[in-house]
Structure formats: structure tokens, C-alpha cells
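Okay, structure-v8.csv is below, CSV, C-alpha atoms:
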chain,number,residue,atom,x,y,z
I,1,MET,CA,-12.6,18.5,6.4
I,2,THR,CA,-9.0,18.1,7.5
I,3,GLU,CA,-6.6,20.6,6.1
I,4,LEU,CA,-3.7,19.0,4.3
I,5,GLY,CA,-0.4,20.3,2.9
I,6,THR,CA,-0.2,21.3,-0.8
I,7,ILE,CA,1.4,18.1,-2.0
I,8,SER,CA,-1.0,15.9,-0.1
I,9,ASP,CA,-4.0,17.9,-1.2
I,10,GLU,CA,-3.0,17.5,-4.8
I,11,LEU,CA,-2.5,13.8,-4.3
I,12,GLY,CA,-5.9,13.6,-2.7
I,13,LYS,CA,-7.6,15.2,-5.6
I,14,MET,CA,-5.9,12.8,-8.0
I,15,TYR,CA,-7.2,9.8,-6.0
I,16,ASP,CA,-10.6,11.4,-5.7
I,17,GLN,CA,-10.7,11.3,-9.5
I,18,THR,CA,-9.3,7.8,-10.0
I,19,THR,CA,-11.2,6.0,-7.2
I,20,PRO,CA,-14.3,5.0,-9.3
I,21,LEU,CA,-12.1,3.5,-12.0
I,22,SER,CA,-10.0,1.6,-9.5
I,23,ILE,CA,-13.1,0.1,-8.0
I,24,ALA,CA,-14.3,-1.0,-11.4
I,25,LEU,CA,-11.0,-2.7,-12.2
I,26,ASN,CA,-10.2,-4.6,-9.0
I,27,ASP,CA,-13.0,-3.9,-6.5
I,28,GLY,CA,-10.9,-1.6,-4.3
I,29,GLN,CA,-7.7,-3.6,-3.9
I,30,GLU,CA,-5.7,-0.5,-4.9
I,31,HIS,CA,-2.3,-2.1,-4.9
I,32,LEU,CA,-0.4,-4.6,-7.0
I,33,ALA,CA,-1.1,-8.4,-7.1
I,34,TYR,CA,0.9,-11.5,-6.5
I,35,TRP,CA,0.9,-14.5,-8.9
I,36,TYR,CA,2.9,-17.6,-8.4
I,37,GLY,CA,3.8,-17.9,-12.1
I,38,LYS,CA,2.6,-17.7,-15.7
I,39,ASP,CA,0.2,-20.6,-15.2
I,40,ASP,CA,-1.5,-19.0,-12.2
I,41,ASP,CA,-4.9,-17.9,-13.4
I,42,THR,CA,-6.0,-16.3,-10.2
I,43,THR,CA,-8.1,-13.1,-10.7
I,44,VAL,CA,-6.5,-9.7,-10.3
I,45,PHE,CA,-8.7,-9.1,-7.2
I,46,GLU,CA,-7.8,-12.4,-5.5
I,47,ALA,CA,-4.1,-12.0,-6.4
I,48,ALA,CA,-4.1,-8.5,-4.9
I,49,GLN,CA,-5.6,-9.9,-1.7
I,50,ARG,CA,-2.5,-12.1,-1.4
I,51,ILE,CA,-0.4,-8.9,-1.0
I,52,THR,CA,-2.7,-7.7,1.8
I,53,ARG,CA,-2.4,-11.0,3.6
I,54,LYS,CA,1.3,-11.2,3.1
I,55,VAL,CA,1.7,-7.8,4.7
I,56,ALA,CA,-0.7,-8.5,7.5
I,57,ASP,CA,0.9,-11.9,8.2
I,58,THR,CA,4.2,-10.2,9.1
I,59,LEU,CA,2.4,-8.2,11.8
I,60,TYR,CA,1.1,-11.2,13.7
I,61,LEU,CA,-2.0,-9.3,14.6
I,62,ARG,CA,-4.2,-10.4,17.5
I,63,PRO,CA,-7.9,-9.6,18.2
I,64,GLY,CA,-8.4,-6.2,19.6
I,65,GLU,CA,-5.0,-4.8,18.6
I,66,ARG,CA,-5.0,-1.3,17.1
I,67,LEU,CA,-3.7,-1.2,13.5
I,68,LEU,CA,-3.1,2.0,11.5
I,69,ASP,CA,-3.5,1.5,7.8
I,70,ALA,CA,-1.4,4.5,6.5
I,71,GLY,CA,-2.5,5.3,3.0
I,72,CYS,CA,-5.6,3.0,3.1
I,73,GLY,CA,-7.1,3.6,-0.3
I,74,VAL,CA,-10.8,2.8,-0.5
I,75,GLY,CA,-10.5,0.4,2.5
I,76,ALA,CA,-10.6,-3.1,1.0
I,77,PRO,CA,-7.3,-4.2,2.7
I,78,ALA,CA,-8.4,-2.7,6.1
I,79,VAL,CA,-11.7,-4.5,6.0
I,80,LEU,CA,-10.1,-7.8,5.0
I,81,VAL,CA,-7.5,-7.5,7.8
I,82,ALA,CA,-10.1,-6.6,10.4
I,83,LYS,CA,-12.3,-9.5,9.3
I,84,GLU,CA,-9.6,-12.1,9.3
I,85,THR,CA,-7.6,-11.0,12.4
I,86,GLY,CA,-10.0,-9.2,14.7
I,87,ALA,CA,-7.8,-6.1,14.8
I,88,LEU,CA,-9.3,-2.7,15.2
I,89,VAL,CA,-8.2,-0.8,12.1
I,90,THR,CA,-8.0,3.0,11.5
I,91,GLY,CA,-7.3,3.9,7.9
I,92,ILE,CA,-6.1,7.3,6.9
I,93,THR,CA,-6.0,8.7,3.4
I,94,VAL,CA,-5.6,12.1,1.7
I,95,SER,CA,-8.6,11.4,-0.5
I,96,ALA,CA,-12.1,12.4,0.7
I,97,ALA,CA,-13.6,10.0,-1.9
I,98,GLN,CA,-11.6,7.1,-0.6
I,99,VAL,CA,-12.8,7.8,3.0
I,100,ALA,CA,-16.4,7.7,1.9
I,101,GLU,CA,-15.9,4.5,0.0
I,102,GLY,CA,-14.1,2.9,2.9
I,103,GLU,CA,-16.9,3.8,5.3
I,104,ARG,CA,-19.4,2.2,2.9
I,105,ARG,CA,-17.3,-1.0,2.7
I,106,ALA,CA,-17.0,-1.2,6.5
I,107,PHE,CA,-20.8,-0.7,7.0
I,108,GLU,CA,-21.7,-3.3,4.3
I,109,SER,CA,-19.3,-5.7,5.9
I,110,GLY,CA,-20.8,-5.2,9.4
I,111,LEU,CA,-17.4,-3.9,10.6
I,112,SER,CA,-18.2,-0.2,11.3
I,113,ARG,CA,-17.3,-0.7,15.0
I,114,SER,CA,-14.0,-2.3,14.1
I,115,VAL,CA,-12.8,-0.3,11.1
I,116,ARG,CA,-12.9,3.5,10.7
I,117,PHE,CA,-11.6,5.8,8.0
I,118,GLU,CA,-10.3,9.4,8.3
I,119,ARG,CA,-9.0,12.0,5.9
I,120,GLY,CA,-5.4,12.6,7.2
I,121,ASP,CA,-1.8,12.8,6.2
I,122,TYR,CA,0.8,10.3,7.4
I,123,GLN,CA,3.3,13.2,7.5
I,124,SER,CA,1.4,14.5,10.6
I,125,ILE,CA,-0.7,11.8,12.2
I,126,ALA,CA,-3.4,13.2,14.4
I,127,TYR,CA,-3.0,10.7,17.3
I,128,PRO,CA,-0.9,10.7,20.5
I,129,ASP,CA,2.3,8.9,21.0
I,130,GLY,CA,1.9,5.1,21.3
I,131,SER,CA,-1.6,5.0,20.0
I,132,PHE,CA,-1.1,1.9,17.8
I,133,ASP,CA,0.1,-1.7,18.2
I,134,ALA,CA,0.9,-2.0,14.5
I,135,ILE,CA,1.1,0.0,11.2
I,136,MET,CA,0.8,-1.2,7.6
I,137,ALA,CA,1.6,0.9,4.6
I,138,ILE,CA,0.8,-0.9,1.3
I,139,GLU,CA,2.3,1.0,-1.6
I,140,SER,CA,1.7,4.3,0.0
I,141,LEU,CA,5.2,5.4,1.0
I,142,MET,CA,6.2,6.0,-2.6
I,143,HIS,CA,4.3,9.2,-2.3
I,144,ALA,CA,6.2,10.5,0.7
I,145,PRO,CA,8.0,13.7,0.0
I,146,ASP,CA,10.0,13.3,3.2
I,147,LEU,CA,10.3,9.6,4.0
I,148,ASP,CA,12.4,10.2,7.2
I,149,ALA,CA,9.6,12.5,8.6
I,150,VAL,CA,6.9,9.9,7.8
I,151,LEU,CA,8.8,7.1,9.5
I,152,ALA,CA,9.5,9.3,12.5
I,153,GLU,CA,5.7,9.8,12.8
I,154,PHE,CA,5.2,6.0,12.5
I,155,HIS,CA,7.7,5.5,15.2
I,156,ARG,CA,6.0,8.1,17.4
I,157,VAL,CA,2.5,6.7,17.2
I,158,LEU,CA,3.6,3.1,17.7
I,159,ARG,CA,3.7,1.7,21.2
I,160,PRO,CA,7.0,0.3,22.4
I,161,GLY,CA,7.4,-3.1,20.7
I,162,GLY,CA,4.9,-2.1,18.0
I,163,ARG,CA,5.3,-3.5,14.5
I,164,LEU,CA,5.5,-1.9,11.1
I,165,ALA,CA,5.0,-3.7,7.8
I,166,LEU,CA,5.3,-2.0,4.4
I,167,SER,CA,5.2,-3.1,0.8
I,168,ASP,CA,6.3,-1.1,-2.2
I,169,CYS,CA,7.9,-1.2,-5.6
I,170,THR,CA,11.7,-1.1,-5.3
I,171,ARG,CA,14.4,0.4,-7.5
I,172,GLU,CA,16.7,-2.2,-9.0
I,173,PRO,CA,20.2,-1.5,-10.3
I,174,GLY,CA,19.2,-1.3,-13.9
I,175,MET,CA,17.0,1.8,-13.5
I,176,SER,CA,18.7,5.0,-14.6
I,177,ASP,CA,18.2,8.3,-12.9
I,178,ASP,CA,16.4,9.6,-16.0
I,179,GLU,CA,14.0,6.7,-16.0
I,180,PHE,CA,13.3,7.2,-12.3
I,181,THR,CA,12.6,10.9,-12.9
I,182,GLN,CA,10.1,10.0,-15.7
I,183,LEU,CA,8.3,7.5,-13.4
I,184,SER,CA,8.3,10.0,-10.6
I,185,GLU,CA,6.7,12.7,-12.7
I,186,ALA,CA,4.1,10.4,-14.2
I,187,PHE,CA,3.0,8.6,-11.1
I,188,LYS,CA,3.7,11.2,-8.4
I,189,MET,CA,6.4,9.0,-6.9
I,190,HIS,CA,8.9,10.7,-4.5
I,191,CYS,CA,10.4,7.6,-3.0
I,192,LEU,CA,11.7,4.5,-4.8
I,193,LEU,CA,14.4,2.7,-2.9
I,194,THR,CA,16.3,-0.5,-3.2
I,195,ILE,CA,15.8,-3.1,-0.5
I,196,PRO,CA,19.1,-2.3,1.2
I,197,GLN,CA,18.2,1.4,1.2
I,198,TRP,CA,14.9,0.6,2.8
I,199,VAL,CA,16.6,-1.4,5.5
I,200,GLU,CA,19.1,1.4,6.2
I,201,THR,CA,16.3,4.0,6.2
I,202,LEU,CA,14.2,2.1,8.7
I,203,LYS,CA,17.2,1.6,11.0
I,204,ARG,CA,18.0,5.3,10.8
I,205,ALA,CA,14.4,5.9,12.0
I,206,GLY,CA,14.9,3.8,15.0
I,207,PHE,CA,13.3,0.5,13.8
I,208,VAL,CA,14.7,-3.0,14.0
I,209,VAL,CA,14.2,-4.7,10.7
I,210,GLU,CA,13.0,-8.3,11.3
I,211,GLU,CA,12.4,-9.7,7.8
I,212,TYR,CA,12.1,-8.8,4.1
I,213,ILE,CA,11.4,-10.4,0.8
I,214,GLN,CA,11.9,-9.4,-2.8
I,215,CYS,CA,9.0,-10.7,-4.8
I,216,GLY,CA,9.3,-8.5,-7.8
I,217,PRO,CA,9.0,-11.3,-10.5
I,218,ARG,CA,5.7,-12.4,-9.0
I,219,VAL,CA,4.3,-8.9,-8.5
I,220,TYR,CA,5.8,-6.2,-10.7
I,221,GLY,CA,6.9,-8.8,-13.2
I,222,MET,CA,3.3,-9.9,-13.7
I,223,GLY,CA,1.9,-6.4,-13.8
I,224,LEU,CA,0.9,-6.4,-17.4
I,225,ARG,CA,-2.0,-8.6,-16.3
I,226,TYR,CA,-3.6,-5.3,-15.3
I,227,LEU,CA,-3.6,-4.5,-19.0
I,228,ASP,CA,-5.3,-7.8,-19.7
I,229,ARG,CA,-7.9,-6.9,-17.1
I,230,ALA,CA,-8.6,-3.6,-18.8
I,231,ASN,CA,-8.9,-5.3,-22.1
I,232,GLU,CA,-11.3,-7.8,-20.6
I,233,LEU,CA,-13.5,-5.0,-19.3
I,234,GLN,CA,-13.0,-2.7,-22.3
I,235,ASP,CA,-16.6,-2.2,-23.3
I,236,GLU,CA,-17.9,-1.7,-19.8
I,237,LEU,CA,-15.0,0.7,-18.9
I,238,VAL,CA,-15.4,2.8,-22.0
I,239,SER,CA,-19.1,3.0,-21.4
I,240,ASP,CA,-18.6,4.3,-17.8
I,241,PHE,CA,-15.4,6.4,-18.2
I,242,GLY,CA,-14.9,7.2,-21.9
I,243,GLU,CA,-12.6,5.8,-24.5
I,244,GLU,CA,-9.8,8.4,-23.9
I,245,ALA,CA,-9.6,7.7,-20.2
I,246,ILE,CA,-9.3,4.0,-20.8
I,247,GLU,CA,-6.7,4.3,-23.5
I,248,ASN,CA,-4.7,6.6,-21.1
I,249,LEU,CA,-5.1,4.0,-18.4
I,250,LYS,CA,-3.8,1.2,-20.6
I,251,GLN,CA,-0.9,3.3,-21.8
I,252,GLY,CA,-0.1,4.0,-18.2
I,253,TYR,CA,0.1,0.3,-17.5
I,254,ARG,CA,2.5,-0.2,-20.5
I,255,ASN,CA,4.7,2.7,-19.2
I,256,TYR,CA,4.7,1.6,-15.6
I,257,PHE,CA,5.2,-2.2,-16.0
I,258,GLY,CA,7.3,-2.0,-19.2
I,259,ALA,CA,10.5,-1.1,-17.2
I,260,GLY,CA,11.1,-4.8,-16.6
I,261,GLY,CA,12.5,-6.8,-13.6
I,262,GLU,CA,16.0,-5.5,-14.0
I,263,ARG,CA,14.8,-2.0,-13.2
I,264,MET,CA,11.9,-2.5,-10.8
I,265,GLY,CA,11.2,-5.0,-8.0
I,266,TYR,CA,8.7,-5.3,-5.2
I,267,GLY,CA,9.6,-5.6,-1.5
I,268,ILE,CA,7.7,-6.5,1.7
I,269,ILE,CA,9.5,-5.4,4.8
I,270,ALA,CA,8.7,-6.0,8.5
I,271,ALA,CA,10.2,-4.0,11.4
I,272,ARG,CA,9.5,-3.1,15.0
I,273,LYS,CA,9.9,-0.3,17.4
I,274,PRO,CA,12.3,-1.6,20.1
I,275,ALA,CA,10.8,-2.3,23.6
I,276,GLU,CA,12.9,-3.3,26.6
I,277,GLY,CA,11.8,-6.5,28.2
I,278,ARG,CA,9.8,-7.7,25.2
I,279,CYS,CA,10.5,-10.7,23.0
I,280,CYS,CA,10.0,-10.8,19.2
I,281,ALA,CA,6.8,-9.5,17.5
I,282,LYS,CA,5.9,-13.1,16.6
I,283,CYS,CA,5.3,-14.4,20.1
I,284,GLY,CA,4.8,-11.1,22.0
I,285,THR,CA,5.9,-12.6,25.3
I,286,THR,CA,7.7,-10.6,28.0
I,287,TYR,CA,10.5,-11.6,30.3
Whole structure, C-alpha cells version:
Amino acid sequence: MTELGTISDELGKMYDQTTPLSIALNDGQEHLAYWYGKDDDTTVFEAAQRITRKVADTLYLRPGERLLDAGCGVGAPAVLVAKETGALVTGITVSAAQVAEGERRAFESGLSRSVRFERGDYQSIAYPDGSFDAIMAIESLMHAPDLDAVLAEFHRVLRPGGRLALSDCTREPGMSDDEFTQLSEAFKMHCLLTIPQWVETLKRAGFVVEEYIQCGPRVYGMGLRYLDRANELQDELVSDFGEEAIENLKQGYRNYFGAGGERMGYGIIAARKPAEGRCCAKCGTTY
């Protein structure tokens, strides 16, 4: 088993414990979901797949390209992206339980040759320079204790012209420092930036930012639907995990999503590692 740093090891143990509950709630889409509005009755699982697709769409992946899913969770996004784009996906996570679940999903989807999962830390990626054509990080960089170091690793393992797409909750002007501290302690968040701060941080790491969107009202603003989902599955969840665990889960949803859109948003950002003689990531042509 790969040795991780203390912080990553603690985070891995947390996800080892929460993985079964996450699977029960949204079948492994361990990130937030995207709804078009209050009248959109799409399921939590399907709405979460929209985020996966929105992130993947910014990468313009082609069959056979090598994609690193940094902080891959239980592998549902990696399997979806490999199936729909033909990319070869490597997922890394600090959780041994998530690796095992990811491998199971890849096998059952018939994608074991296209998707692999490893226990690893994105602060020190065990691959040579230029190993990947693209990287996606879906709600995983909030856990980075040293974001600059992580982005430097991403830059290193991307080939020249390689693409990076990330999505994460963003800090909005209405959030106080005290509120950020409380969220950080409760959800092990080290990094919560505004969109402009993300852009500057990526530029500092040597990336060219190509596009970004703020879709907080349709993502974070709709987050209490997770509470509705927990209520819908109340009897089943209590039977499997106990009443105390489920009440704690629901209170966590209230705390996390109760901040409101003035304090928390949700951004999707696409960037690339510069390459001389290469056009944009969309067309991939050379000149």
C-alpha cells in the first residue's frame, strides 16, 4: 500500500468510512449536482453526471488520450468519461476503499483495460513528466494543504499543450473568515478561492486559463436537494448505517448548504499547459 503524508492519510481514512454511505446516496457520483432550476426534477445521480460531463467537455478528450482523474472518488466519473470519450483514465485517491470500489466499477463496466485506479496523493504524483494529455479534478482541490505544490505537480505530469479542468465550490464576497474557518474544520477544506483567485493561482502555476463559468445557483444553490434525497431514503439508510449517522449526515447538509449563494458559489475552470507550435486545446492542430 502506498505511503501517504499524515494529512492525506487522515483524509483517506475519512473517505474509507464514508464511501458506503456515498454509494447508497448517489451511486458513487461523489460530487455536487447541476439542476437547471426549481422545476428540474432530475435525480441527484443524473444531475451529478451533468457536472462530470461539463468538466470533461472542457477537455475535448479524444479516444486513446491519457487522462488523470486527480481525487477520483469511487470512480463513477472516471468510468463515465472513459465510456463516453474513449480516453484512457487513471484515477488516484487517498482512500483504499475508493480504489477497491473503482476497480469493481471498471470491471463491471467492461472497462478494466481503459480505466485503472491507484492509491496515491496528488501532492506527489508517481508518474514521470509529461505522462498525461489531460487532468480533471472534480471537487478534490479543496482538500489541498498546499495548492501551489499540487498545481506544480499537475503542470509537471501534463505533456506540453496538455489540458486541465477543475470544478469546486468557490468563496463568494459574503463569506466571513470565521465562517470559512468553521467550514474548513468541519469538512477538511484547506482551499476555498474566489473565481478570480483561481485564475490568478493557475496563471502563477504556469497555466493559461481558457474558460470558466460560475454556476453556483444551479449547483451549490440547489444543494439542499441532497437533504431531500436523504429523507427519501431515510428508512433504508437508517437500517444500513444507524439513526445517529443519518441525522449527522442531514445536519451536515444543512450546515454546508445553508451558507447561501452570497457566501458560496461553484466554478468550473479550464486551462492548459502552454506548448509552442500548438493551437488551442479545442482543435489540437499544429502549425
Pick out the residues sitting within 8 Å of Glu118 in chain I, and hand them over as an mmCIF file with C-alpha atoms, in the coordinates of the input; count all atoms listed in the file, and ignore anything fewer than 4 positions along from it in its own chain.
data_model
loop_
_atom_site.group_PDB
_atom_site.id
_atom_site.type_symbol
_atom_site.label_atom_id
_atom_site.label_comp_id
_atom_site.auth_asym_id
_atom_site.auth_seq_id
_atom_site.Cartn_x
_atom_site.Cartn_y
_atom_site.Cartn_z
ATOM 1 C CA THR I 90 -8.000 3.000 11.500
ATOM 2 C CA GLY I 91 -7.300 3.900 7.900
ATOM 3 C CA ILE I 92 -6.100 7.300 6.900
ATOM 4 C CA THR I 93 -6.000 8.700 3.400
ATOM 5 C CA VAL I 99 -12.800 7.800 3.000
#
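The shortest atom-to-atom distance to Asp27 in chain I, with all atoms listed in the file taken into account, belongs to I:Gly102 out of I:Gly86, I:Gly267, I:Gly102, I:Gly162.
Counting from CA of Gly216 in chain I, the distance to CA of Glu30 in chain I is 17.2 Å.
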From (-13.3, 10.7, -1.2), in the file's coordinates, out to 9 Å: which residues are reached, counting only C-alpha atoms? Answer as a short mmCIF file (atom, residue, chain, number, x, y, z; two decimals) with C-alpha atoms, in the coordinates of the input.
data_model
loop_
_atom_site.label_atom_id
_atom_site.label_comp_id
_atom_site.auth_asym_id
_atom_site.auth_seq_id
_atom_site.Cartn_x
_atom_site.Cartn_y
_atom_site.Cartn_z
CA GLY I 12 -5.90 13.60 -2.70
CA LYS I 13 -7.60 15.20 -5.60
CA TYR I 15 -7.20 9.80 -6.00
CA ASP I 16 -10.60 11.40 -5.70
CA GLN I 17 -10.70 11.30 -9.50
CA THR I 19 -11.20 6.00 -7.20
CA VAL I 74 -10.80 2.80 -0.50
CA THR I 93 -6.00 8.70 3.40
CA VAL I 94 -5.60 12.10 1.70
CA SER I 95 -8.60 11.40 -0.50
CA ALA I 96 -12.10 12.40 0.70
CA ALA I 97 -13.60 10.00 -1.90
CA GLN I 98 -11.60 7.10 -0.60
CA VAL I 99 -12.80 7.80 3.00
CA ALA I 100 -16.40 7.70 1.90
CA GLU I 101 -15.90 4.50 0.00
CA GLY I 102 -14.10 2.90 2.90
CA ARG I 119 -9.00 12.00 5.90
#
Six-sided padding of 6 Å per side, axis-aligned box over range 194-209 of chain I, centre and edges in Å, one decimal, as AutoDock Vina command-line options:
--center_x 16.2 --center_y 0.6 --center_z 5.9 --size_x 17.8 --size_y 22.6 --size_z 30.2
For this session: Using CA of Leu202 in chain I and CA of Met136 in chain I as the two end points, give the distance in Å to one decimal.
Result: 13.8 Å
Exercise. Which residues, written as number ranges by chain, have at least one atom at most 7 Å from range 45-47 of chain I, with only C-alpha atoms counted and residues fewer than 5 positions away on the same chain left out?
Worked result: I: 26-27, 29, 33-35
Using only C-alpha atoms, please write the residues we just selected to a file, as a CSV table (one decimal), keeping the file's coordinate frame.
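Generated output (part-v2.csv):
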chain,number,residue,atom,x,y,z
I,26,ASN,CA,-10.2,-4.6,-9.0
I,27,ASP,CA,-13.0,-3.9,-6.5
I,29,GLN,CA,-7.7,-3.6,-3.9
I,33,ALA,CA,-1.1,-8.4,-7.1
I,34,TYR,CA,0.9,-11.5,-6.5
I,35,TRP,CA,0.9,-14.5,-8.9
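Using all atoms listed in the file, the protein and nucleic acid residues lying no more than 9 Å from Thr201 in chain I, apart from those fewer than 6 places from it along its own chain, are Leu147, Asp148, Leu151 and Phe207 of chain I.
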For this session: May I ask which of the residues I:Ser8, I:Thr85, I:Ser114, I:Ser167 is the closest one to Ala137 in chain I, counting all atoms listed in the file?
Result: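 Checking each candidate against Ala137 in chain I, we get I:Ser167 as the closest.
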Exercise. Counting only C-alpha atoms, which residues come within 10 Å of (7.7, -0.3, 19.8), with the point read in the file's coordinates, and could you list them as a PyMOL selection string?
Worked result: chain I and resi 130+132-134+154-164+206-208+271-276+278+281
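Between CA of Ala230 in chain I and CA of Glu244 in chain I the separation is 13.1 Å.
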Seminar exercise, completed: Among I:Asp39, I:Glu153, I:Ser112, I:Thr58, Pro128 in chain I is approached most closely, using only C-alpha atoms, by I:Glu153
Exercise. Smallest atom-to-atom distance to Gly73 in chain I: which of I:Tyr127, I:Phe117, I:Trp198, I:Tyr220, using all atoms listed in the file?
Worked result: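 Of I:Tyr127, I:Phe117, I:Trp198, I:Tyr220, the one nearest Gly73 in chain I, counting all atoms listed in the file, is I:Phe117.
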For this session: Kindly indicate which residue among I:Ile269, I:Met175, I:Ala149, I:Leu183 lies nearest to Tyr212 in chain I, using all atoms listed in the file for the distances.
Result: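 Using all atoms listed in the file, the shortest distance to Tyr212 in chain I belongs to I:Ile269.
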Exercise. With all atoms listed in the file as the basis for distance, which of I:His190, I:Lys54, I:Arg263, I:Arg225 is at the shortest distance from Glu172 in chain I?
Worked result: I:Arg263
Will you model all heavy atoms for range 27-36 of chain I and pass it back as a PDB file, in the coordinates of the input?
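Produced file rebuild.pdb, reproduced below:
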ATOM      1  N   ASP I  27     -12.128  -3.920  -7.641  1.00  0.00           N
ATOM      2  CA  ASP I  27     -13.000  -3.900  -6.500  1.00  0.00           C
ATOM      3  C   ASP I  27     -12.255  -3.323  -5.230  1.00  0.00           C
ATOM      4  O   ASP I  27     -12.423  -3.800  -4.111  1.00  0.00           O
ATOM      5  CB  ASP I  27     -13.566  -5.242  -6.145  1.00  0.00           C
ATOM      6  CG  ASP I  27     -14.719  -5.170  -5.150  1.00  0.00           C
ATOM      7  OD1 ASP I  27     -15.400  -4.115  -5.104  1.00  0.00           O
ATOM      8  OD2 ASP I  27     -14.948  -6.145  -4.421  1.00  0.00           O
ATOM      9  N   GLY I  28     -11.437  -2.307  -5.453  1.00  0.00           N
ATOM     10  CA  GLY I  28     -10.900  -1.600  -4.300  1.00  0.00           C
ATOM     11  C   GLY I  28      -9.560  -2.091  -3.786  1.00  0.00           C
ATOM     12  O   GLY I  28      -9.031  -1.519  -2.824  1.00  0.00           O
ATOM     13  N   GLN I  29      -8.999  -3.152  -4.340  1.00  0.00           N
ATOM     14  CA  GLN I  29      -7.700  -3.600  -3.900  1.00  0.00           C
ATOM     15  C   GLN I  29      -6.667  -2.689  -4.719  1.00  0.00           C
ATOM     16  O   GLN I  29      -6.150  -3.064  -5.766  1.00  0.00           O
ATOM     17  CB  GLN I  29      -7.439  -5.047  -4.248  1.00  0.00           C
ATOM     18  CG  GLN I  29      -8.262  -5.984  -3.387  1.00  0.00           C
ATOM     19  CD  GLN I  29      -7.734  -6.110  -1.963  1.00  0.00           C
ATOM     20  OE1 GLN I  29      -6.575  -5.808  -1.680  1.00  0.00           O
ATOM     21  NE2 GLN I  29      -8.573  -6.541  -1.050  1.00  0.00           N
ATOM     22  N   GLU I  30      -6.417  -1.482  -4.181  1.00  0.00           N
ATOM     23  CA  GLU I  30      -5.700  -0.500  -4.900  1.00  0.00           C
ATOM     24  C   GLU I  30      -4.148  -0.643  -4.752  1.00  0.00           C
ATOM     25  O   GLU I  30      -3.427   0.300  -4.454  1.00  0.00           O
ATOM     26  CB  GLU I  30      -6.091   0.933  -4.445  1.00  0.00           C
ATOM     27  CG  GLU I  30      -7.520   1.266  -4.827  1.00  0.00           C
ATOM     28  CD  GLU I  30      -7.886   2.686  -4.471  1.00  0.00           C
ATOM     29  OE1 GLU I  30      -7.928   2.981  -3.264  1.00  0.00           O
ATOM     30  OE2 GLU I  30      -8.114   3.497  -5.372  1.00  0.00           O
ATOM     31  N   HIS I  31      -3.719  -1.851  -4.948  1.00  0.00           N
ATOM     32  CA  HIS I  31      -2.300  -2.100  -4.900  1.00  0.00           C
ATOM     33  C   HIS I  31      -2.027  -3.277  -5.873  1.00  0.00           C
ATOM     34  O   HIS I  31      -2.960  -3.877  -6.418  1.00  0.00           O
ATOM     35  CB  HIS I  31      -1.774  -2.385  -3.529  1.00  0.00           C
ATOM     36  CG  HIS I  31      -2.509  -3.490  -2.825  1.00  0.00           C
ATOM     37  ND1 HIS I  31      -2.298  -4.823  -3.113  1.00  0.00           N
ATOM     38  CD2 HIS I  31      -3.469  -3.471  -1.866  1.00  0.00           C
ATOM     39  CE1 HIS I  31      -3.069  -5.572  -2.344  1.00  0.00           C
ATOM     40  NE2 HIS I  31      -3.798  -4.779  -1.585  1.00  0.00           N
ATOM     41  N   LEU I  32      -0.779  -3.605  -6.062  1.00  0.00           N
ATOM     42  CA  LEU I  32      -0.400  -4.600  -7.000  1.00  0.00           C
ATOM     43  C   LEU I  32      -0.811  -6.037  -6.493  1.00  0.00           C
ATOM     44  O   LEU I  32      -1.237  -6.194  -5.357  1.00  0.00           O
ATOM     45  CB  LEU I  32       1.058  -4.576  -7.347  1.00  0.00           C
ATOM     46  CG  LEU I  32       1.521  -3.271  -7.996  1.00  0.00           C
ATOM     47  CD1 LEU I  32       2.990  -3.350  -8.387  1.00  0.00           C
ATOM     48  CD2 LEU I  32       0.669  -2.923  -9.211  1.00  0.00           C
ATOM     49  N   ALA I  33      -0.665  -7.006  -7.358  1.00  0.00           N
ATOM     50  CA  ALA I  33      -1.100  -8.400  -7.100  1.00  0.00           C
ATOM     51  C   ALA I  33       0.058  -9.333  -7.126  1.00  0.00           C
ATOM     52  O   ALA I  33       1.114  -9.030  -7.675  1.00  0.00           O
ATOM     53  CB  ALA I  33      -2.205  -8.761  -8.051  1.00  0.00           C
ATOM     54  N   TYR I  34      -0.159 -10.523  -6.562  1.00  0.00           N
ATOM     55  CA  TYR I  34       0.900 -11.500  -6.500  1.00  0.00           C
ATOM     56  C   TYR I  34       0.420 -12.810  -7.147  1.00  0.00           C
ATOM     57  O   TYR I  34      -0.567 -13.430  -6.741  1.00  0.00           O
ATOM     58  CB  TYR I  34       1.159 -11.805  -4.971  1.00  0.00           C
ATOM     59  CG  TYR I  34       2.317 -12.720  -4.672  1.00  0.00           C
ATOM     60  CD1 TYR I  34       3.513 -12.204  -4.194  1.00  0.00           C
ATOM     61  CD2 TYR I  34       2.203 -14.095  -4.817  1.00  0.00           C
ATOM     62  CE1 TYR I  34       4.584 -13.045  -3.884  1.00  0.00           C
ATOM     63  CE2 TYR I  34       3.264 -14.945  -4.517  1.00  0.00           C
ATOM     64  CZ  TYR I  34       4.445 -14.417  -4.055  1.00  0.00           C
ATOM     65  OH  TYR I  34       5.497 -15.246  -3.749  1.00  0.00           O
ATOM     66  N   TRP I  35       1.134 -13.197  -8.196  1.00  0.00           N
ATOM     67  CA  TRP I  35       0.900 -14.500  -8.900  1.00  0.00           C
ATOM     68  C   TRP I  35       2.057 -15.391  -8.721  1.00  0.00           C
ATOM     69  O   TRP I  35       3.209 -14.954  -8.732  1.00  0.00           O
ATOM     70  CB  TRP I  35       0.606 -14.212 -10.366  1.00  0.00           C
ATOM     71  CG  TRP I  35      -0.737 -13.634 -10.678  1.00  0.00           C
ATOM     72  CD1 TRP I  35      -1.915 -14.323 -10.817  1.00  0.00           C
ATOM     73  CD2 TRP I  35      -1.059 -12.256 -10.915  1.00  0.00           C
ATOM     74  NE1 TRP I  35      -2.948 -13.454 -11.120  1.00  0.00           N
ATOM     75  CE2 TRP I  35      -2.454 -12.184 -11.186  1.00  0.00           C
ATOM     76  CE3 TRP I  35      -0.317 -11.073 -10.930  1.00  0.00           C
ATOM     77  CZ2 TRP I  35      -3.094 -10.986 -11.466  1.00  0.00           C
ATOM     78  CZ3 TRP I  35      -0.954  -9.881 -11.198  1.00  0.00           C
ATOM     79  CH2 TRP I  35      -2.334  -9.839 -11.458  1.00  0.00           C
ATOM     80  N   TYR I  36       1.783 -16.672  -8.622  1.00  0.00           N
ATOM     81  CA  TYR I  36       2.900 -17.600  -8.400  1.00  0.00           C
ATOM     82  C   TYR I  36       3.633 -17.952  -9.681  1.00  0.00           C
ATOM     83  O   TYR I  36       4.758 -18.461  -9.616  1.00  0.00           O
ATOM     84  CB  TYR I  36       2.269 -18.931  -7.826  1.00  0.00           C
ATOM     85  CG  TYR I  36       1.678 -18.727  -6.453  1.00  0.00           C
ATOM     86  CD1 TYR I  36       0.315 -18.904  -6.225  1.00  0.00           C
ATOM     87  CD2 TYR I  36       2.478 -18.328  -5.387  1.00  0.00           C
ATOM     88  CE1 TYR I  36      -0.231 -18.696  -4.961  1.00  0.00           C
ATOM     89  CE2 TYR I  36       1.948 -18.136  -4.125  1.00  0.00           C
ATOM     90  CZ  TYR I  36       0.588 -18.314  -3.919  1.00  0.00           C
ATOM     91  OH  TYR I  36       0.048 -18.100  -2.668  1.00  0.00           O
TER      92      TYR I  36
END
